[in-house]
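Enquirer: File name work.pdb; file contents PDB, C-alpha atoms; full text below.
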ATOM      1  CA  MET A   1      47.362  27.952 -10.804  1.00  0.00           C
ATOM      2  CA  LEU A   2      45.306  30.011  -8.361  1.00  0.00           C
ATOM      3  CA  HIS A   3      42.115  28.189  -9.327  1.00  0.00           C
ATOM      4  CA  LYS A   4      43.815  24.840  -8.796  1.00  0.00           C
ATOM      5  CA  LEU A   5      45.352  25.994  -5.515  1.00  0.00           C
ATOM      6  CA  TYR A   6      42.163  27.430  -4.028  1.00  0.00           C
ATOM      7  CA  GLU A   7      39.600  25.281  -5.858  1.00  0.00           C
ATOM      8  CA  ASP A   8      36.187  26.370  -7.130  1.00  0.00           C
ATOM      9  CA  ASN A   9      35.614  29.037  -4.487  1.00  0.00           C
ATOM     10  CA  PHE A  10      38.528  31.147  -5.750  1.00  0.00           C
ATOM     11  CA  TRP A  11      36.676  33.110  -8.448  1.00  0.00           C
ATOM     12  CA  ARG A  12      33.519  33.485  -6.367  1.00  0.00           C
ATOM     13  CA  ASP A  13      35.484  34.801  -3.390  1.00  0.00           C
ATOM     14  CA  MET A  14      37.545  37.058  -5.646  1.00  0.00           C
ATOM     15  CA  ALA A  15      34.409  38.476  -7.311  1.00  0.00           C
ATOM     16  CA  ALA A  16      32.915  39.328  -3.904  1.00  0.00           C
ATOM     17  CA  GLN A  17      35.812  41.777  -3.401  1.00  0.00           C
ATOM     18  CA  ASN A  18      34.979  43.710  -6.614  1.00  0.00           C
ATOM     19  CA  PRO A  19      38.468  43.559  -8.110  1.00  0.00           C
ATOM     20  CA  ARG A  20      39.640  46.260 -10.496  1.00  0.00           C
ATOM     21  CA  ALA A  21      41.715  45.463 -13.550  1.00  0.00           C
ATOM     22  CA  LEU A  22      44.311  48.030 -14.565  1.00  0.00           C
ATOM     23  CA  PRO A  23      46.563  48.207 -17.628  1.00  0.00           C
ATOM     24  CA  SER A  24      49.829  48.042 -15.687  1.00  0.00           C
ATOM     25  CA  THR A  25      51.421  47.061 -12.404  1.00  0.00           C
ATOM     26  CA  VAL A  26      52.668  50.646 -12.091  1.00  0.00           C
ATOM     27  CA  GLN A  27      49.069  51.886 -11.901  1.00  0.00           C
ATOM     28  CA  GLN A  28      48.313  49.241  -9.284  1.00  0.00           C
ATOM     29  CA  CYS A  29      51.119  50.472  -7.031  1.00  0.00           C
ATOM     30  CA  GLU A  30      50.310  54.145  -7.621  1.00  0.00           C
ATOM     31  CA  ARG A  31      46.688  53.574  -6.587  1.00  0.00           C
ATOM     32  CA  LEU A  32      47.891  51.765  -3.463  1.00  0.00           C
ATOM     33  CA  ILE A  33      50.362  54.513  -2.548  1.00  0.00           C
ATOM     34  CA  ASN A  34      47.726  57.201  -3.156  1.00  0.00           C
ATOM     35  CA  ARG A  35      45.304  55.208  -0.960  1.00  0.00           C
ATOM     36  CA  GLU A  36      42.771  54.810  -3.739  1.00  0.00           C
ATOM     37  CA  ASP A  37      43.013  51.074  -3.051  1.00  0.00           C
ATOM     38  CA  LYS A  38      43.827  49.312   0.215  1.00  0.00           C
ATOM     39  CA  ILE A  39      45.399  46.134  -1.136  1.00  0.00           C
ATOM     40  CA  LEU A  40      46.783  44.563  -4.290  1.00  0.00           C
ATOM     41  CA  GLY A  41      45.717  40.987  -4.671  1.00  0.00           C
ATOM     42  CA  LEU A  42      47.842  40.188  -7.691  1.00  0.00           C
ATOM     43  CA  ALA A  43      51.006  42.252  -7.545  1.00  0.00           C
ATOM     44  CA  GLN A  44      54.281  41.983  -9.420  1.00  0.00           C
ATOM     45  CA  TYR A  45      57.346  41.559  -7.206  1.00  0.00           C
ATOM     46  CA  SER A  46      59.656  43.652  -9.402  1.00  0.00           C
ATOM     47  CA  THR A  47      57.230  46.598  -9.436  1.00  0.00           C
ATOM     48  CA  TYR A  48      56.918  46.397  -5.662  1.00  0.00           C
ATOM     49  CA  LEU A  49      60.728  46.426  -5.287  1.00  0.00           C
ATOM     50  CA  GLU A  50      61.072  49.410  -7.598  1.00  0.00           C
ATOM     51  CA  PHE A  51      58.482  51.484  -5.710  1.00  0.00           C
ATOM     52  CA  LYS A  52      59.918  50.417  -2.350  1.00  0.00           C
ATOM     53  CA  ALA A  53      63.391  51.536  -3.485  1.00  0.00           C
ATOM     54  CA  GLN A  54      61.886  54.952  -4.232  1.00  0.00           C
ATOM     55  CA  GLY A  55      60.642  55.162  -0.642  1.00  0.00           C
ATOM     56  CA  ALA A  56      57.012  54.159  -1.179  1.00  0.00           C
ATOM     57  CA  PRO A  57      55.222  53.271   2.082  1.00  0.00           C
ATOM     58  CA  ILE A  58      54.201  49.783   0.955  1.00  0.00           C
ATOM     59  CA  ALA A  59      54.860  46.252   2.137  1.00  0.00           C
ATOM     60  CA  LEU A  60      54.675  42.898   0.410  1.00  0.00           C
ATOM     61  CA  VAL A  61      53.249  39.809   2.055  1.00  0.00           C
ATOM     62  CA  ILE A  62      54.416  36.693   0.273  1.00  0.00           C
ATOM     63  CA  PRO A  63      51.766  33.964   0.426  1.00  0.00           C
ATOM     64  CA  LEU A  64      52.777  30.794   2.261  1.00  0.00           C
ATOM     65  CA  GLU A  65      52.028  28.888  -0.943  1.00  0.00           C
ATOM     66  CA  GLY A  66      54.744  30.885  -2.721  1.00  0.00           C
ATOM     67  CA  LEU A  67      55.067  33.173  -5.689  1.00  0.00           C
ATOM     68  CA  ILE A  68      54.065  32.194  -9.186  1.00  0.00           C
ATOM     69  CA  GLY A  69      57.048  32.397 -11.502  1.00  0.00           C
ATOM     70  CA  THR A  70      56.462  33.733 -14.975  1.00  0.00           C
ATOM     71  CA  ALA A  71      58.547  33.426 -18.090  1.00  0.00           C
ATOM     72  CA  GLN A  72      60.679  36.213 -19.461  1.00  0.00           C
ATOM     73  CA  ILE A  73      61.239  35.617 -23.122  1.00  0.00           C
ATOM     74  CA  LEU A  74      64.473  36.473 -24.921  1.00  0.00           C
ATOM     75  CA  GLY A  75      65.155  35.600 -28.517  1.00  0.00           C
ATOM     76  CA  MET A  76      66.054  36.872 -31.918  1.00  0.00           C
ATOM     77  CA  ILE A  77      63.955  37.586 -34.975  1.00  0.00           C
ATOM     78  CA  SER A  78      64.058  34.902 -37.619  1.00  0.00           C
ATOM     79  CA  LYS A  79      65.886  36.137 -40.706  1.00  0.00           C
ATOM     80  CA  GLY A  80      66.720  39.473 -39.057  1.00  0.00           C
ATOM     81  CA  PRO A  81      69.302  41.682 -40.769  1.00  0.00           C
ATOM     82  CA  HIS A  82      72.086  41.111 -38.198  1.00  0.00           C
ATOM     83  CA  PRO A  83      71.849  37.600 -36.740  1.00  0.00           C
ATOM     84  CA  GLU A  84      75.415  37.567 -35.407  1.00  0.00           C
ATOM     85  CA  ALA A  85      74.845  40.855 -33.560  1.00  0.00           C
ATOM     86  CA  ALA A  86      71.652  39.384 -32.089  1.00  0.00           C
ATOM     87  CA  LYS A  87      73.565  36.306 -30.910  1.00  0.00           C
ATOM     88  CA  LEU A  88      76.224  38.524 -29.321  1.00  0.00           C
ATOM     89  CA  PHE A  89      73.542  40.522 -27.515  1.00  0.00           C
ATOM     90  CA  ILE A  90      71.898  37.361 -26.186  1.00  0.00           C
ATOM     91  CA  ASP A  91      75.288  36.065 -25.001  1.00  0.00           C
ATOM     92  CA  TRP A  92      75.952  39.389 -23.249  1.00  0.00           C
ATOM     93  CA  PHE A  93      72.445  39.594 -21.749  1.00  0.00           C
ATOM     94  CA  LEU A  94      72.760  36.105 -20.244  1.00  0.00           C
ATOM     95  CA  SER A  95      76.264  36.807 -18.896  1.00  0.00           C
ATOM     96  CA  PRO A  96      76.816  37.822 -15.259  1.00  0.00           C
ATOM     97  CA  LEU A  97      77.279  41.454 -16.386  1.00  0.00           C
ATOM     98  CA  GLY A  98      74.110  41.558 -18.499  1.00  0.00           C
ATOM     99  CA  GLN A  99      71.989  39.752 -15.904  1.00  0.00           C
ATOM    100  CA  GLY A 100      73.388  41.981 -13.141  1.00  0.00           C
ATOM    101  CA  ILE A 101      72.465  45.129 -15.055  1.00  0.00           C
ATOM    102  CA  MET A 102      68.979  43.746 -15.738  1.00  0.00           C
ATOM    103  CA  SER A 103      68.469  42.803 -12.097  1.00  0.00           C
ATOM    104  CA  GLN A 104      69.765  46.065 -10.623  1.00  0.00           C
ATOM    105  CA  ASN A 105      67.871  48.313 -13.053  1.00  0.00           C
ATOM    106  CA  PHE A 106      64.635  46.429 -13.676  1.00  0.00           C
ATOM    107  CA  TYR A 107      64.314  44.697 -10.269  1.00  0.00           C
ATOM    108  CA  HIS A 108      63.970  41.242 -11.809  1.00  0.00           C
ATOM    109  CA  HIS A 109      65.644  38.214 -10.312  1.00  0.00           C
ATOM    110  CA  SER A 110      68.148  36.442 -12.469  1.00  0.00           C
ATOM    111  CA  PRO A 111      68.070  32.654 -12.465  1.00  0.00           C
ATOM    112  CA  ARG A 112      71.864  32.791 -12.174  1.00  0.00           C
ATOM    113  CA  ALA A 113      73.060  31.575  -8.767  1.00  0.00           C
ATOM    114  CA  ASP A 114      76.169  33.777  -8.945  1.00  0.00           C
ATOM    115  CA  LEU A 115      74.265  37.085  -8.786  1.00  0.00           C
ATOM    116  CA  GLU A 116      72.799  39.185  -6.006  1.00  0.00           C
ATOM    117  CA  PRO A 117      69.032  39.708  -5.875  1.00  0.00           C
ATOM    118  CA  PRO A 118      67.575  42.970  -7.148  1.00  0.00           C
ATOM    119  CA  PRO A 119      67.763  45.949  -4.757  1.00  0.00           C
ATOM    120  CA  GLY A 120      65.623  45.210  -1.703  1.00  0.00           C
ATOM    121  CA  GLY A 121      64.787  41.718  -2.918  1.00  0.00           C
ATOM    122  CA  LYS A 122      65.274  38.416  -1.178  1.00  0.00           C
ATOM    123  CA  PRO A 123      67.685  35.920  -2.705  1.00  0.00           C
ATOM    124  CA  ILE A 124      65.762  33.657  -5.040  1.00  0.00           C
ATOM    125  CA  ARG A 125      66.843  30.607  -2.984  1.00  0.00           C
ATOM    126  CA  GLU A 126      64.769  32.057  -0.102  1.00  0.00           C
ATOM    127  CA  LEU A 127      61.630  32.372  -2.205  1.00  0.00           C
ATOM    128  CA  LYS A 128      59.247  29.535  -2.855  1.00  0.00           C
ATOM    129  CA  ILE A 129      58.627  29.748  -6.589  1.00  0.00           C
ATOM    130  CA  MET A 130      55.704  27.878  -8.114  1.00  0.00           C
ATOM    131  CA  VAL A 131      56.342  27.105 -11.775  1.00  0.00           C
ATOM    132  CA  PRO A 132      53.264  26.839 -13.971  1.00  0.00           C
ATOM    133  CA  ASP A 133      52.555  23.832 -16.129  1.00  0.00           C
ATOM    134  CA  TRP A 134      52.778  25.758 -19.400  1.00  0.00           C
ATOM    135  CA  ASN A 135      50.804  23.166 -21.378  1.00  0.00           C
ATOM    136  CA  ALA A 136      47.937  23.424 -18.876  1.00  0.00           C
ATOM    137  CA  TYR A 137      48.260  27.235 -18.986  1.00  0.00           C
ATOM    138  CA  ILE A 138      47.856  27.290 -22.757  1.00  0.00           C
ATOM    139  CA  LYS A 139      44.821  24.990 -22.588  1.00  0.00           C
ATOM    140  CA  ALA A 140      43.128  27.059 -19.847  1.00  0.00           C
ATOM    141  CA  HIS A 141      44.088  30.527 -21.112  1.00  0.00           C
ATOM    142  CA  THR A 142      40.968  31.329 -23.165  1.00  0.00           C
ATOM    143  CA  GLN A 143      38.631  30.271 -20.342  1.00  0.00           C
ATOM    144  CA  TYR A 144      40.736  32.161 -17.767  1.00  0.00           C
ATOM    145  CA  VAL A 145      40.646  35.376 -19.803  1.00  0.00           C
ATOM    146  CA  ARG A 146      36.880  35.053 -20.214  1.00  0.00           C
ATOM    147  CA  GLU A 147      36.373  34.529 -16.459  1.00  0.00           C
ATOM    148  CA  TRP A 148      38.826  37.275 -15.432  1.00  0.00           C
ATOM    149  CA  ASN A 149      37.317  39.805 -17.845  1.00  0.00           C
ATOM    150  CA  ALA A 150      33.816  39.116 -16.536  1.00  0.00           C
ATOM    151  CA  LEU A 151      34.999  39.254 -12.919  1.00  0.00           C
ATOM    152  CA  SER A 152      36.922  42.515 -13.304  1.00  0.00           C
ATOM    153  CA  GLY A 153      34.517  44.295 -15.623  1.00  0.00           C
ATOM    154  CA  LEU A 154      36.720  44.190 -18.713  1.00  0.00           C
ATOM    155  CA  ARG A 155      34.206  42.218 -20.776  1.00  0.00           C
TER     156      ARG A 155
END
How would this structure read if it were set down as structure tokens?
Expert:
Amino acid sequence: MLHKLYEDNFWRDMAAQNPRALPSTVQQCERLINREDKILGLAQYSTYLEFKAQGAPIALVIPLEGLIGTAQILGMISKGPHPEAAKLFIDWFLSPLGQGIMSQNFYHHSPRADLEPPPGGKPIRELKIMVPDWNAYIKAHTQYVREWNALSGLR
């Protein structure tokens, strides 16, 4: 999506900034808080909210283009030993109570309109969310990983 949004210059301009790839968004925020890095170019909103709630001296600037929404997958294992229990858990997790607990403890927005945003977060209706074309994502994934690994030194 970023390549499409910013065209062919995106990777070249990103490479000029010598980006660093890290295994987790927690490490990204810790490096920022400890002033090892000055900026996060690709941050996760929920991680930002969690660190901000703990009093971290960080701010988030939401791009005018919006935030890229990503999927959160929930399902049950095929032929698992307790399919009815799995169905009950999924029903509970998608309920207002389950989604509220998830949002308040993991700082993720729920797609439910009847719930408050996570602590410190803006209501989802106030955020411009860009939804990926998942078919295009799947087609471009191998090339993206190759380019990102080369750009960030992961090889």
Enquirer: Just the residues within 9 Å of Asp133 in chain A, please, counting only C-alpha atoms, with nothing from its chain fewer than 4 positions along; format it as number ranges by chain.
Expert: A: 1, 137-138
Enquirer: Could the residues in this selection be saved with C-alpha atoms as an mmCIF file, in the frame of the given file?
Expert:
data_model
loop_
_atom_site.group_PDB
_atom_site.id
_atom_site.type_symbol
_atom_site.label_atom_id
_atom_site.label_comp_id
_atom_site.auth_asym_id
_atom_site.auth_seq_id
_atom_site.Cartn_x
_atom_site.Cartn_y
_atom_site.Cartn_z
ATOM 1 C CA MET A 1 47.362 27.952 -10.804
ATOM 2 C CA TYR A 137 48.260 27.235 -18.986
ATOM 3 C CA ILE A 138 47.856 27.290 -22.757
#
Enquirer: So what does the PyMOL selection byres ((chain A and resi 48) around 12) actually pick up in this one, as a count of residues only?
Expert: 36
Enquirer: Specify as an MDAnalysis selection string each residue included when the PyMOL selection byres ((chain A and resi 91-99) around 9) is applied to this file.
Expert: chainID A and resid 86:90 100:104 109:112 114:115
Enquirer: Those selected residues, please, written with C-alpha atoms and delivered as a PDB file, in the coordinates of the input.
Expert:
ATOM      1  CA  ALA A  86      71.652  39.384 -32.089  1.00  0.00           C
ATOM      2  CA  LYS A  87      73.565  36.306 -30.910  1.00  0.00           C
ATOM      3  CA  LEU A  88      76.224  38.524 -29.321  1.00  0.00           C
ATOM      4  CA  PHE A  89      73.542  40.522 -27.515  1.00  0.00           C
ATOM      5  CA  ILE A  90      71.898  37.361 -26.186  1.00  0.00           C
ATOM      6  CA  GLY A 100      73.388  41.981 -13.141  1.00  0.00           C
ATOM      7  CA  ILE A 101      72.465  45.129 -15.055  1.00  0.00           C
ATOM      8  CA  MET A 102      68.979  43.746 -15.738  1.00  0.00           C
ATOM      9  CA  SER A 103      68.469  42.803 -12.097  1.00  0.00           C
ATOM     10  CA  GLN A 104      69.765  46.065 -10.623  1.00  0.00           C
ATOM     11  CA  HIS A 109      65.644  38.214 -10.312  1.00  0.00           C
ATOM     12  CA  SER A 110      68.148  36.442 -12.469  1.00  0.00           C
ATOM     13  CA  PRO A 111      68.070  32.654 -12.465  1.00  0.00           C
ATOM     14  CA  ARG A 112      71.864  32.791 -12.174  1.00  0.00           C
ATOM     15  CA  ASP A 114      76.169  33.777  -8.945  1.00  0.00           C
ATOM     16  CA  LEU A 115      74.265  37.085  -8.786  1.00  0.00           C
TER      17      LEU A 115
END
Enquirer: Which of these residues is nearest to Leu67 in chain A, using all atoms listed in the file: A:Pro132, A:Arg20, A:Arg31, A:Lys139?
Expert: A:Pro132
Enquirer: Using all atoms of range 62-70 of chain A listed in the file and a margin of 6 Å per side, can you give the axis-aligned box centre and edge lengths in Å to one decimal, as AutoDock Vina command-line options?
Expert:
--center_x 54.4 --center_y 32.8 --center_z -6.4 --size_x 17.3 --size_y 19.8 --size_z 29.2
Enquirer: List the neighbours of Glu147 in chain A out to 12 Å using all atoms listed in the file; skip same-chain residues closer than 4 positions along the sequence, and give me the result as a list in words.
Expert: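 Residues near the query, excluding close chain neighbours: His3, Phe10, Trp11, Arg12, Met14, Ala15, Ala140, His141, Thr142, Gln143, Leu151, Ser152, Gly153, Leu154 and Arg155 of chain A.
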Enquirer: Write a file of the selected residues as a compact mmCIF listing (two decimals), in the frame of the given file, keeping C-alpha atoms.
Expert:
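Result went into part.txt, see below:
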# COMPACT_ATOMS: atom_id res chain seq x y z
CA HIS A 3 42.12 28.19 -9.33
CA PHE A 10 38.53 31.15 -5.75
CA TRP A 11 36.68 33.11 -8.45
CA ARG A 12 33.52 33.48 -6.37
CA MET A 14 37.54 37.06 -5.65
CA ALA A 15 34.41 38.48 -7.31
CA ALA A 140 43.13 27.06 -19.85
CA HIS A 141 44.09 30.53 -21.11
CA THR A 142 40.97 31.33 -23.16
CA GLN A 143 38.63 30.27 -20.34
CA LEU A 151 35.00 39.25 -12.92
CA SER A 152 36.92 42.52 -13.30
CA GLY A 153 34.52 44.30 -15.62
CA LEU A 154 36.72 44.19 -18.71
CA ARG A 155 34.21 42.22 -20.78
Enquirer: Considering only C-alpha atoms, state which residue in the set A:Lys79, A:Glu84, A:Glu65, A:Trp134 is at the smallest distance from Tyr6 in chain A.
Expert: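 Using only C-alpha atoms, Tyr6 in chain A sits closest to A:Glu65.
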